[in-house]
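Here's query-v9.txt, which has compact mmCIF, N, CA, C and O atoms:
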# COMPACT_ATOMS: atom_id res chain seq x y z
N ASP A 221 32.16 117.50 208.77
CA ASP A 221 30.94 116.90 208.32
C ASP A 221 30.10 117.90 207.54
O ASP A 221 29.95 119.04 207.95
N LYS A 222 29.56 117.44 206.42
CA LYS A 222 28.69 118.28 205.60
C LYS A 222 27.25 118.16 206.08
O LYS A 222 26.82 117.10 206.52
N VAL A 223 26.54 119.24 205.98
CA VAL A 223 25.11 119.21 206.25
C VAL A 223 24.41 119.16 204.90
O VAL A 223 24.68 119.97 204.02
N LEU A 224 23.55 118.19 204.73
CA LEU A 224 22.84 118.03 203.47
C LEU A 224 21.53 118.80 203.56
O LEU A 224 20.67 118.49 204.37
N ALA A 225 21.39 119.80 202.72
CA ALA A 225 20.18 120.61 202.70
C ALA A 225 19.73 120.78 201.26
O ALA A 225 20.24 121.63 200.54
N ILE A 226 18.83 119.93 200.82
CA ILE A 226 18.29 120.02 199.47
C ILE A 226 17.28 121.16 199.43
O ILE A 226 16.46 121.31 200.32
N ARG A 227 17.36 121.95 198.40
CA ARG A 227 16.45 123.09 198.27
C ARG A 227 14.99 122.63 198.24
O ARG A 227 14.67 121.58 197.72
N ARG A 228 14.12 123.47 198.79
CA ARG A 228 12.69 123.14 198.79
C ARG A 228 12.13 123.07 197.37
O ARG A 228 11.16 122.38 197.13
N ASP A 229 12.75 123.77 196.43
CA ASP A 229 12.28 123.73 195.05
C ASP A 229 13.03 122.69 194.22
O ASP A 229 13.05 122.73 193.01
N ALA A 230 13.62 121.72 194.91
CA ALA A 230 14.40 120.69 194.24
C ALA A 230 13.56 119.86 193.26
O ALA A 230 14.06 119.40 192.25
N HIS A 231 12.30 119.68 193.57
CA HIS A 231 11.35 118.95 192.74
C HIS A 231 10.10 119.82 192.62
O HIS A 231 9.93 120.79 193.35
N ASP A 232 9.21 119.41 191.74
CA ASP A 232 7.94 120.12 191.61
C ASP A 232 7.00 119.85 192.78
O ASP A 232 6.07 120.61 193.03
N MET A 233 7.25 118.74 193.48
CA MET A 233 6.47 118.38 194.66
C MET A 233 7.45 117.94 195.75
O MET A 233 8.66 117.94 195.54
N GLU A 234 6.94 117.51 196.90
CA GLU A 234 7.79 117.15 198.03
C GLU A 234 8.68 115.95 197.73
O GLU A 234 8.32 115.05 196.99
N ILE A 235 9.86 115.95 198.36
CA ILE A 235 10.80 114.83 198.27
C ILE A 235 10.30 113.71 199.17
O ILE A 235 9.90 113.95 200.31
N THR A 236 10.32 112.49 198.64
CA THR A 236 9.86 111.33 199.41
C THR A 236 10.99 110.42 199.87
O THR A 236 10.81 109.64 200.79
N CYS A 237 12.14 110.51 199.20
CA CYS A 237 13.24 109.60 199.53
C CYS A 237 14.57 110.22 199.09
O CYS A 237 14.61 111.08 198.20
N ILE A 238 15.63 109.76 199.71
CA ILE A 238 16.96 110.29 199.41
C ILE A 238 18.00 109.20 199.62
O ILE A 238 17.83 108.32 200.47
N SER A 239 19.06 109.23 198.81
CA SER A 239 20.17 108.29 198.95
C SER A 239 21.46 108.99 198.58
O SER A 239 21.49 109.79 197.63
N VAL A 240 22.52 108.70 199.31
CA VAL A 240 23.85 109.24 199.02
C VAL A 240 24.71 108.08 198.56
O VAL A 240 24.70 107.01 199.18
N ASP A 241 25.46 108.26 197.45
CA ASP A 241 26.30 107.15 196.98
C ASP A 241 27.43 106.86 197.96
O ASP A 241 27.75 107.68 198.82
N SER A 242 28.00 105.66 197.87
CA SER A 242 29.00 105.20 198.84
C SER A 242 30.28 106.03 198.80
O SER A 242 31.05 106.02 199.76
N LYS A 243 30.54 106.75 197.71
CA LYS A 243 31.72 107.61 197.63
C LYS A 243 31.44 109.01 198.18
O LYS A 243 32.35 109.81 198.34
N GLY A 244 30.17 109.31 198.41
CA GLY A 244 29.79 110.62 198.92
C GLY A 244 29.86 111.73 197.89
O GLY A 244 29.94 112.90 198.23
N THR A 245 29.78 111.36 196.59
CA THR A 245 29.91 112.37 195.54
C THR A 245 28.58 112.82 194.95
O THR A 245 28.48 113.94 194.46
N THR A 246 27.56 111.95 194.98
CA THR A 246 26.26 112.33 194.45
C THR A 246 25.15 111.93 195.41
O THR A 246 25.29 111.02 196.22
N VAL A 247 24.04 112.64 195.27
CA VAL A 247 22.84 112.41 196.07
C VAL A 247 21.69 112.21 195.09
O VAL A 247 21.59 112.94 194.10
N ALA A 248 20.85 111.23 195.35
CA ALA A 248 19.65 111.02 194.54
C ALA A 248 18.42 111.27 195.40
O ALA A 248 18.39 110.90 196.57
N THR A 249 17.42 111.93 194.80
CA THR A 249 16.17 112.17 195.50
C THR A 249 15.01 111.69 194.63
O THR A 249 15.07 111.76 193.41
N GLY A 250 13.97 111.22 195.27
CA GLY A 250 12.73 110.87 194.60
C GLY A 250 11.63 111.75 195.15
O GLY A 250 11.76 112.32 196.24
N SER A 251 10.53 111.86 194.40
CA SER A 251 9.52 112.83 194.78
C SER A 251 8.11 112.37 194.43
O SER A 251 7.91 111.47 193.62
N TYR A 252 7.14 113.09 195.00
CA TYR A 252 5.75 112.92 194.61
C TYR A 252 5.54 113.31 193.15
O TYR A 252 4.53 112.95 192.55
N ASP A 253 6.47 114.06 192.56
CA ASP A 253 6.33 114.46 191.15
C ASP A 253 6.73 113.34 190.18
O ASP A 253 6.80 113.55 188.99
N CYS A 254 7.01 112.15 190.72
CA CYS A 254 7.32 110.92 189.95
C CYS A 254 8.74 110.91 189.38
O CYS A 254 9.10 109.98 188.67
N SER A 255 9.54 111.90 189.67
CA SER A 255 10.89 111.97 189.10
C SER A 255 11.94 111.54 190.11
O SER A 255 11.70 111.45 191.30
N VAL A 256 13.13 111.29 189.56
CA VAL A 256 14.35 111.05 190.34
C VAL A 256 15.33 112.13 189.90
O VAL A 256 15.51 112.36 188.70
N ARG A 257 15.96 112.78 190.86
CA ARG A 257 16.97 113.79 190.53
C ARG A 257 18.28 113.40 191.17
O ARG A 257 18.32 112.89 192.29
N VAL A 258 19.36 113.65 190.43
CA VAL A 258 20.71 113.36 190.91
C VAL A 258 21.42 114.70 191.08
O VAL A 258 21.37 115.55 190.19
N TRP A 259 22.10 114.85 192.21
CA TRP A 259 22.72 116.10 192.61
C TRP A 259 24.20 115.89 192.92
O TRP A 259 24.59 114.82 193.39
N SER A 260 25.00 116.91 192.74
CA SER A 260 26.38 116.91 193.22
C SER A 260 26.33 117.05 194.74
O SER A 260 25.66 117.94 195.26
N ALA A 261 27.03 116.18 195.44
CA ALA A 261 27.07 116.28 196.90
C ALA A 261 27.93 117.45 197.36
O ALA A 261 27.78 117.94 198.47
N ASN A 262 28.82 117.91 196.48
CA ASN A 262 29.71 119.02 196.85
C ASN A 262 28.99 120.34 196.92
O ASN A 262 29.17 121.12 197.86
N ASN A 263 28.16 120.64 195.90
CA ASN A 263 27.52 121.96 195.86
C ASN A 263 25.99 121.89 195.74
O ASN A 263 25.35 122.91 195.63
N LEU A 264 25.45 120.67 195.76
CA LEU A 264 24.01 120.42 195.66
C LEU A 264 23.39 121.04 194.40
O LEU A 264 22.23 121.42 194.38
N GLU A 265 24.18 121.09 193.34
CA GLU A 265 23.66 121.50 192.04
C GLU A 265 23.10 120.27 191.34
O GLU A 265 23.68 119.18 191.43
N PRO A 266 21.99 120.42 190.62
CA PRO A 266 21.42 119.26 189.92
C PRO A 266 22.32 118.79 188.79
O PRO A 266 22.90 119.62 188.07
N ILE A 267 22.43 117.49 188.64
CA ILE A 267 23.22 116.88 187.56
C ILE A 267 22.29 116.39 186.47
O ILE A 267 22.55 116.58 185.29
N ARG A 268 21.20 115.74 186.85
CA ARG A 268 20.24 115.23 185.87
C ARG A 268 18.92 114.87 186.52
O ARG A 268 18.85 114.65 187.72
N THR A 269 17.90 114.81 185.68
CA THR A 269 16.57 114.39 186.11
C THR A 269 16.21 113.14 185.33
O THR A 269 16.39 113.09 184.11
N LEU A 270 15.71 112.14 186.03
CA LEU A 270 15.33 110.87 185.42
C LEU A 270 13.82 110.70 185.52
O LEU A 270 13.25 110.82 186.61
N GLN A 271 13.18 110.45 184.41
CA GLN A 271 11.72 110.31 184.36
C GLN A 271 11.36 108.93 183.82
O GLN A 271 11.75 108.58 182.71
N GLN A 272 10.64 108.16 184.61
CA GLN A 272 10.17 106.86 184.15
C GLN A 272 8.87 106.47 184.83
O GLN A 272 8.01 105.85 184.24
N HIS A 273 8.73 106.84 186.07
CA HIS A 273 7.61 106.37 186.87
C HIS A 273 6.33 107.15 186.57
O HIS A 273 6.36 108.32 186.24
N ALA A 274 5.19 106.45 186.72
CA ALA A 274 3.88 107.04 186.47
C ALA A 274 3.17 107.41 187.78
O ALA A 274 2.05 107.89 187.75
N ASN A 275 3.83 107.15 188.90
CA ASN A 275 3.27 107.51 190.19
C ASN A 275 4.43 107.93 191.09
O ASN A 275 5.58 107.91 190.67
N TRP A 276 4.15 108.25 192.34
CA TRP A 276 5.16 108.76 193.26
C TRP A 276 6.37 107.85 193.31
O TRP A 276 6.26 106.63 193.37
N THR A 277 7.55 108.45 193.31
CA THR A 277 8.79 107.71 193.54
C THR A 277 8.94 107.56 195.04
O THR A 277 8.98 108.55 195.77
N THR A 278 9.01 106.32 195.51
CA THR A 278 9.00 106.06 196.95
C THR A 278 10.34 105.58 197.49
O THR A 278 10.51 105.51 198.71
N GLY A 279 11.28 105.25 196.61
CA GLY A 279 12.58 104.81 197.09
C GLY A 279 13.65 104.98 196.03
O GLY A 279 13.39 104.79 194.84
N VAL A 280 14.84 105.36 196.48
CA VAL A 280 16.02 105.41 195.61
C VAL A 280 17.18 104.84 196.40
O VAL A 280 17.30 105.07 197.61
N VAL A 281 18.03 104.07 195.73
CA VAL A 281 19.20 103.51 196.41
C VAL A 281 20.30 103.27 195.37
O VAL A 281 20.04 102.79 194.27
N TYR A 282 21.52 103.63 195.74
CA TYR A 282 22.68 103.38 194.90
C TYR A 282 23.20 101.97 195.15
O TYR A 282 23.10 101.45 196.27
N HIS A 283 23.80 101.38 194.12
CA HIS A 283 24.50 100.12 194.29
C HIS A 283 25.68 100.39 195.23
O HIS A 283 26.36 101.40 195.10
N PRO A 284 25.94 99.51 196.18
CA PRO A 284 26.99 99.79 197.16
C PRO A 284 28.41 99.81 196.59
O PRO A 284 29.28 100.48 197.16
N LEU A 285 28.65 99.12 195.48
CA LEU A 285 29.99 99.08 194.90
C LEU A 285 30.12 99.87 193.61
O LEU A 285 31.17 100.43 193.33
N ASP A 286 29.07 99.91 192.82
CA ASP A 286 29.08 100.62 191.54
C ASP A 286 28.16 101.83 191.66
O ASP A 286 26.96 101.73 191.44
N THR A 287 28.72 102.98 191.98
CA THR A 287 27.91 104.16 192.24
C THR A 287 27.26 104.74 190.99
O THR A 287 26.47 105.67 191.08
N ALA A 288 27.58 104.18 189.82
CA ALA A 288 26.88 104.61 188.60
C ALA A 288 25.52 103.94 188.47
O ALA A 288 24.70 104.37 187.67
N LEU A 289 25.26 102.91 189.27
CA LEU A 289 23.98 102.21 189.22
C LEU A 289 23.07 102.70 190.34
O LEU A 289 23.45 102.75 191.51
N LEU A 290 21.86 103.07 189.95
CA LEU A 290 20.86 103.60 190.87
C LEU A 290 19.55 102.87 190.61
O LEU A 290 19.18 102.64 189.46
N CYS A 291 18.86 102.52 191.67
CA CYS A 291 17.56 101.87 191.55
C CYS A 291 16.50 102.80 192.14
O CYS A 291 16.73 103.44 193.16
N SER A 292 15.36 102.88 191.46
CA SER A 292 14.23 103.66 191.99
C SER A 292 12.98 102.79 191.95
O SER A 292 12.82 101.95 191.07
N VAL A 293 12.10 102.99 192.93
CA VAL A 293 10.83 102.27 192.98
C VAL A 293 9.71 103.28 193.14
O VAL A 293 9.91 104.39 193.62
N SER A 294 8.52 102.86 192.71
CA SER A 294 7.39 103.78 192.67
C SER A 294 6.10 103.09 193.08
O SER A 294 5.98 101.86 193.00
N LEU A 295 5.13 103.91 193.46
CA LEU A 295 3.79 103.39 193.76
C LEU A 295 3.09 102.87 192.51
O LEU A 295 2.03 102.26 192.61
N ASP A 296 3.66 103.10 191.33
CA ASP A 296 3.06 102.52 190.12
C ASP A 296 3.38 101.03 190.00
O ASP A 296 2.96 100.37 189.06
N GLY A 297 4.14 100.50 190.97
CA GLY A 297 4.46 99.08 190.98
C GLY A 297 5.68 98.71 190.17
O GLY A 297 5.89 97.53 189.88
N THR A 298 6.49 99.69 189.79
CA THR A 298 7.68 99.39 188.99
C THR A 298 8.95 99.74 189.75
O THR A 298 8.97 100.58 190.65
N MET A 299 10.02 99.07 189.33
CA MET A 299 11.36 99.38 189.78
C MET A 299 12.17 99.71 188.53
O MET A 299 12.07 99.01 187.52
N ALA A 300 12.94 100.78 188.56
CA ALA A 300 13.78 101.16 187.44
C ALA A 300 15.24 101.09 187.87
O ALA A 300 15.59 101.50 188.97
N VAL A 301 16.08 100.55 186.99
CA VAL A 301 17.52 100.51 187.22
C VAL A 301 18.15 101.47 186.24
O VAL A 301 17.92 101.37 185.03
N TRP A 302 18.94 102.40 186.76
CA TRP A 302 19.56 103.45 185.97
C TRP A 302 21.07 103.29 185.95
O TRP A 302 21.67 103.02 186.99
N ASP A 303 21.68 103.45 184.80
CA ASP A 303 23.14 103.49 184.68
C ASP A 303 23.53 104.94 184.46
O ASP A 303 23.40 105.47 183.35
N LEU A 304 23.97 105.61 185.50
CA LEU A 304 24.26 107.03 185.44
C LEU A 304 25.51 107.36 184.62
O LEU A 304 25.76 108.52 184.31
N ALA A 305 26.27 106.33 184.24
CA ALA A 305 27.43 106.55 183.38
C ALA A 305 27.01 106.79 181.93
O ALA A 305 27.78 107.31 181.14
N ARG A 306 25.77 106.43 181.59
CA ARG A 306 25.25 106.63 180.24
C ARG A 306 24.65 108.02 180.10
O ARG A 306 24.27 108.65 181.09
N LYS A 307 24.49 108.44 178.86
CA LYS A 307 23.82 109.71 178.61
C LYS A 307 22.38 109.63 179.12
O LYS A 307 21.81 108.55 179.23
N SER A 308 21.80 110.78 179.37
CA SER A 308 20.51 110.86 180.04
C SER A 308 19.43 109.98 179.41
O SER A 308 18.76 109.23 180.09
N LYS A 309 19.24 110.05 178.10
CA LYS A 309 18.16 109.29 177.47
C LYS A 309 18.44 107.80 177.43
O LYS A 309 17.54 107.01 177.22
N GLU A 310 19.70 107.40 177.64
CA GLU A 310 20.06 106.00 177.61
C GLU A 310 20.28 105.43 179.01
O GLU A 310 20.69 104.30 179.16
N ALA A 311 20.01 106.23 180.03
CA ALA A 311 20.34 105.82 181.39
C ALA A 311 19.46 104.68 181.90
O ALA A 311 19.90 103.90 182.73
N LEU A 312 18.22 104.58 181.42
CA LEU A 312 17.33 103.54 181.90
C LEU A 312 17.81 102.19 181.40
O LEU A 312 17.87 101.94 180.20
N VAL A 313 18.17 101.32 182.31
CA VAL A 313 18.66 99.99 181.95
C VAL A 313 17.50 99.00 181.87
O VAL A 313 17.38 98.23 180.94
N GLU A 314 16.62 99.07 182.86
CA GLU A 314 15.54 98.08 182.92
C GLU A 314 14.43 98.57 183.85
O GLU A 314 14.70 99.26 184.83
N THR A 315 13.21 98.24 183.51
CA THR A 315 12.10 98.42 184.44
C THR A 315 11.42 97.08 184.61
O THR A 315 11.45 96.24 183.72
N MET A 316 10.85 96.88 185.77
CA MET A 316 10.15 95.62 186.02
C MET A 316 8.97 95.88 186.93
O MET A 316 8.98 96.84 187.72
N GLU A 317 7.96 95.05 186.79
CA GLU A 317 6.79 95.13 187.64
C GLU A 317 7.14 94.49 188.98
O GLU A 317 7.81 93.46 189.04
N CYS A 318 6.71 95.10 190.04
CA CYS A 318 6.93 94.57 191.38
C CYS A 318 5.61 94.11 191.96
O CYS A 318 4.57 94.68 191.69
N GLY A 319 5.69 93.11 192.81
CA GLY A 319 4.49 92.67 193.53
C GLY A 319 3.67 91.82 192.70
O GLY A 319 2.74 91.31 192.55
As structure tokens - that is how I would like this structure written.
Amino acid sequence: DKVLAIRRDAHDMEITCISVDSKGTTVATGSYDCSVRVWSANNLEPIRTLQQHANWTTGVVYHPLDTALLCSVSLDGTMAVWDLARKSKEALVETMECG
């Protein structure tokens, strides 16, 4: 069993949420810094940073079958759907207002 230990400097502010994909290959974290970061589960090296939210990221979750799809939600009232198979600037698939 692996112990998951994300570095304290993983984000500019504290981590608020974490999700591991169903294959166990990547980890996503959200933070008070409004970003989402994707990490290699093998060595905990950062893979990419996703920026869309205007307030704290409060939840991240991978699609259970398609691990390239990641959803993030924020206190700004939005949900973002990311396609991690796309290049970084094209990863955002859709945002929507919640509530």
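The residue that comes closest to A:Ser239, out of A:Arg257, A:Thr315, A:Arg268, A:Ala305 and on the basis of only N, CA, C and O atoms, is A:Arg257.
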Distance criterion (all atoms listed in the file): nearest to A:Thr278 out of A:Leu312, A:Ile238, A:Val301, A:Ala230: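 Of A:Leu312, A:Ile238, A:Val301, A:Ala230, the one nearest A:Thr278 is A:Ile238, counting all atoms listed in the file.
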Minimum-distance residue to A:Leu289, chosen among A:Ile267, A:Ala311, A:Val256, A:Ala274 (using all atoms listed in the file):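 Of A:Ile267, A:Ala311, A:Val256, A:Ala274, the one nearest A:Leu289, counting all atoms listed in the file, is A:Ala311.
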Test item: residues at most 5 Å from A:Thr236, all atoms listed in the file, excluding those fewer than 5 positions along its chain, as a ChimeraX atom specification: /A:250-252,277-278
Atom CA of A:Ala288 to atom O of A:Asp303, straight-line distance in Å: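 Interatomic distance here is 6.4 Å.
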Pick from A:Val313, A:Val281, A:Val293, A:Leu304 nearest to A:Ser242, counting only C-alpha atoms: A:Val281
Secondary structure check, strand (DSSP E) residues of chain A, as a PyMOL selection string: chain A and resi 235-240+246-251+255-260+266-271+277-282+289-294+298-303+312-317
